[in-house]
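Shown here: structure32.pdb, PDB, C-alpha atoms and all ligand atoms.
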```pdb
ATOM      1  CA  MET Q   1       2.589 -34.988 -18.900
ATOM      2  CA  THR Q   2       1.937 -33.103 -15.742
ATOM      3  CA  GLU Q   3      -1.501 -32.235 -14.661
ATOM      4  CA  GLN Q   4      -1.762 -29.179 -12.503
ATOM      5  CA  HIS Q   5      -4.675 -28.704 -10.229
ATOM      6  CA  ASN Q   6      -4.879 -25.454  -8.408
ATOM      7  CA  THR Q   7      -6.635 -26.761  -5.355
ATOM      8  CA  SER Q   8      -5.507 -26.431  -1.798
ATOM      9  CA  ALA Q   9      -4.449 -29.507   0.103
ATOM     10  CA  ALA Q  10      -7.532 -30.175   2.174
ATOM     11  CA  GLY Q  11     -10.139 -29.785  -0.520
ATOM     12  CA  ALA Q  12     -12.147 -26.854  -1.733
ATOM     13  CA  SER Q  13     -13.853 -25.756   1.432
ATOM     14  CA  THR Q  14     -12.015 -22.679   2.540
ATOM     15  CA  PRO Q  15     -14.047 -20.662   5.008
ATOM     16  CA  GLY Q  16     -13.712 -16.963   4.460
ATOM     17  CA  ARG Q  17     -11.700 -16.184   1.382
ATOM     18  CA  ARG Q  18      -8.306 -14.826   2.202
ATOM     19  CA  ALA Q  19      -6.008 -12.768   0.083
ATOM     20  CA  PRO Q  20      -3.015 -14.755  -1.092
ATOM     21  CA  ALA Q  21       0.030 -14.260   1.078
ATOM     22  CA  GLN Q  22       2.254 -13.108  -1.745
ATOM     23  CA  ARG Q  23      -0.043 -10.173  -2.347
ATOM     24  CA  HIS Q  24       1.146  -8.717   0.933
ATOM     25  CA  VAL Q  25       2.040  -5.144   0.191
ATOM     26  CA  VAL Q  26       3.216  -3.014   3.034
ATOM     27  CA  ALA Q  27       2.799   0.678   2.667
ATOM     28  CA  ALA Q  28       2.339   3.349   5.221
ATOM     29  CA  LEU Q  29       1.042   6.827   5.349
ATOM     30  CA  PHE Q  30       2.528   8.883   8.128
ATOM     31  CA  VAL Q  31       0.581  11.861   9.267
ATOM     32  CA  ASP Q  32       1.638  14.274  11.951
ATOM     33  CA  PHE Q  33      -1.145  16.643  12.693
ATOM     34  CA  GLY Q  34       1.168  19.033  14.398
ATOM     35  CA  ASP Q  35       0.157  21.420  17.108
ATOM     36  CA  ARG Q  36       0.128  25.087  17.854
ATOM     37  CA  ASP Q  37       3.769  25.544  16.933
ATOM     38  CA  ARG Q  38       4.184  22.885  14.291
ATOM     39  CA  GLU Q  39       2.619  22.601  10.930
ATOM     40  CA  PRO Q  40       0.932  19.348  10.000
ATOM     41  CA  ARG Q  41       3.168  17.017   8.046
ATOM     42  CA  ALA Q  42       2.677  13.855   6.098
ATOM     43  CA  ARG Q  43       4.719  11.416   4.097
ATOM     44  CA  TYR Q  44       4.179   8.121   2.411
ATOM     45  CA  GLU Q  45       6.359   5.048   2.390
ATOM     46  CA  CYS Q  46       6.104   1.903   0.365
ATOM     47  CA  VAL Q  47       8.151  -0.951   1.760
ATOM     48  CA  PRO Q  48       8.271  -3.377  -1.199
ATOM     49  CA  CYS Q  49       9.791  -0.838  -3.571
ATOM     50  CA  ALA Q  50      11.530   1.247  -0.902
ATOM     51  CA  TYR Q  51       9.756   4.352  -2.034
ATOM     52  CA  ARG Q  52       9.635   7.339   0.242
ATOM     53  CA  SER Q  53       7.748  10.416  -0.633
ATOM     54  CA  HIS Q  54       8.894  13.867   0.221
ATOM     55  CA  VAL Q  55       7.451  15.350   3.387
ATOM     56  CA  VAL Q  56       4.393  17.455   2.810
ATOM     57  CA  THR Q  57       3.727  20.283   5.194
ATOM     58  CA  GLY Q  58       0.741  22.523   5.762
ATOM     59  CA  ALA Q  59      -2.853  21.637   6.562
ATOM     60  CA  ALA Q  60      -4.209  21.898   3.054
ATOM     61  CA  ALA Q  61      -1.270  20.104   1.478
ATOM     62  CA  VAL Q  62      -1.434  17.328   4.046
ATOM     63  CA  ALA Q  63      -5.155  16.871   3.527
ATOM     64  CA  ALA Q  64      -4.697  16.603  -0.212
ATOM     65  CA  PHE Q  65      -1.720  14.309   0.194
ATOM     66  CA  VAL Q  66      -3.587  11.932   2.480
ATOM     67  CA  GLU Q  67      -6.306  11.693  -0.129
ATOM     68  CA  THR Q  68      -4.028  10.993  -3.050
ATOM     69  CA  ALA Q  69      -0.665   9.622  -1.895
ATOM     70  CA  ALA Q  70      -1.520   5.936  -1.790
ATOM     71  CA  GLU Q  71      -3.387   5.970  -5.053
ATOM     72  CA  ALA Q  72      -0.783   8.066  -6.798
ATOM     73  CA  HIS Q  73       2.002   5.737  -5.762
ATOM     74  CA  ARG Q  74       0.018   2.611  -6.505
ATOM     75  CA  ILE Q  75      -0.018   3.588 -10.157
ATOM     76  CA  VAL Q  76       3.755   3.895 -10.390
ATOM     77  CA  CYS Q  77       4.860   1.358  -7.786
ATOM     78  CA  PRO Q  78       7.245  -1.115  -9.440
ATOM     79  CA  SER Q  79       6.442  -3.851  -6.963
ATOM     80  CA  ARG Q  80       2.806  -3.726  -7.993
ATOM     81  CA  GLN Q  81       3.372  -3.809 -11.708
ATOM     82  CA  GLU Q  82       3.917  -7.565 -11.793
ATOM     83  CA  ASN Q  83       0.722  -8.305  -9.970
ATOM     84  CA  HIS Q  84      -1.603  -5.960 -11.702
ATOM     85  CA  GLN Q  85      -5.161  -6.689 -10.844
TER      86      GLN Q  85
HETATM   87 ZN    ZN Q 101       5.823   1.060  -4.032
END
```
Rewritten as structure tokens:
Amino acid sequence: MTEQHNTSAAGASTPGRRAPAQRHVVAALFVDFGDRDREPRARYECVPCAYRSHVVTGAAAVAAFVETAAEAHRIVCPSRQENHQ
């Protein structure tokens, strides 16, 4: 019989709780605010599942996208499904 204790090596005193390393999800929201001649643009990338959103252009669209892109992808991201909180 194997007893499994889920304690870390040096005892239970871990100062400052850290997120487990395997929960490392890398995602990025790219926003280009543009200038006088260029419209603002934004896109979202998720590294673990290799997702890339389409590029959103226009101030209003970019603003809405920035608000929702991460959350919207988080729901459908395959690399997050296994580790659902
Ligand atoms: Zn993803």
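With all atoms listed in the file as the atoms that count, the residue of Q:Arg38, Q:Arg80, Q:His54, Q:Arg43 with the shortest distance to ligand ZN 101 (chain Q) is Q:Arg80.
With all atoms listed in the file as the atoms that count, the minimum distance from Q:Ala63 to the choices Q:Leu29, Q:Ala42, Q:Ile75, Q:Cys49 is reached by Q:Ala42.
Counting only C-alpha atoms and all ligand atoms and comparing Q:Gly58, Q:Val26, Q:Gly34, Q:Pro40, the residue that lies closest to ligand ZN 101 (chain Q) is Q:Val26.
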Enumerate, as a ChimeraX atom specification, the residues matched when the PyMOL selection byres (((not hetatm)) within 7 of (chain Q and resi 101)) is run on the file above. /Q:46-51,73-74,77-80
Report as a PyMOL selection string the residues that result from applying the PyMOL selection byres (((chain Q and resi 28) around 6) and not hetatm) to the structure here. chain Q and resi 27+29+44-45
For this structure, which residues satisfy the selection - the PyMOL selection byres (((chain Q and resi 39) around 12) and not hetatm) - when it is evaluated on the file as given? I want them as a ChimeraX atom specification. /Q:31-38,40-42,55-62
Set up a box along x, y and z of the file covering all listed atoms of stretch 41-52 of chain Q, add 4 Å on every one of the six sides, and write the centre and edge lengths in Å to one decimal, as lines of an AutoDock Vina configuration file.
```
center_x = 7.1
center_y = 6.8
center_z = 2.2
size_x = 16.9
size_y = 28.4
size_z = 19.6
```
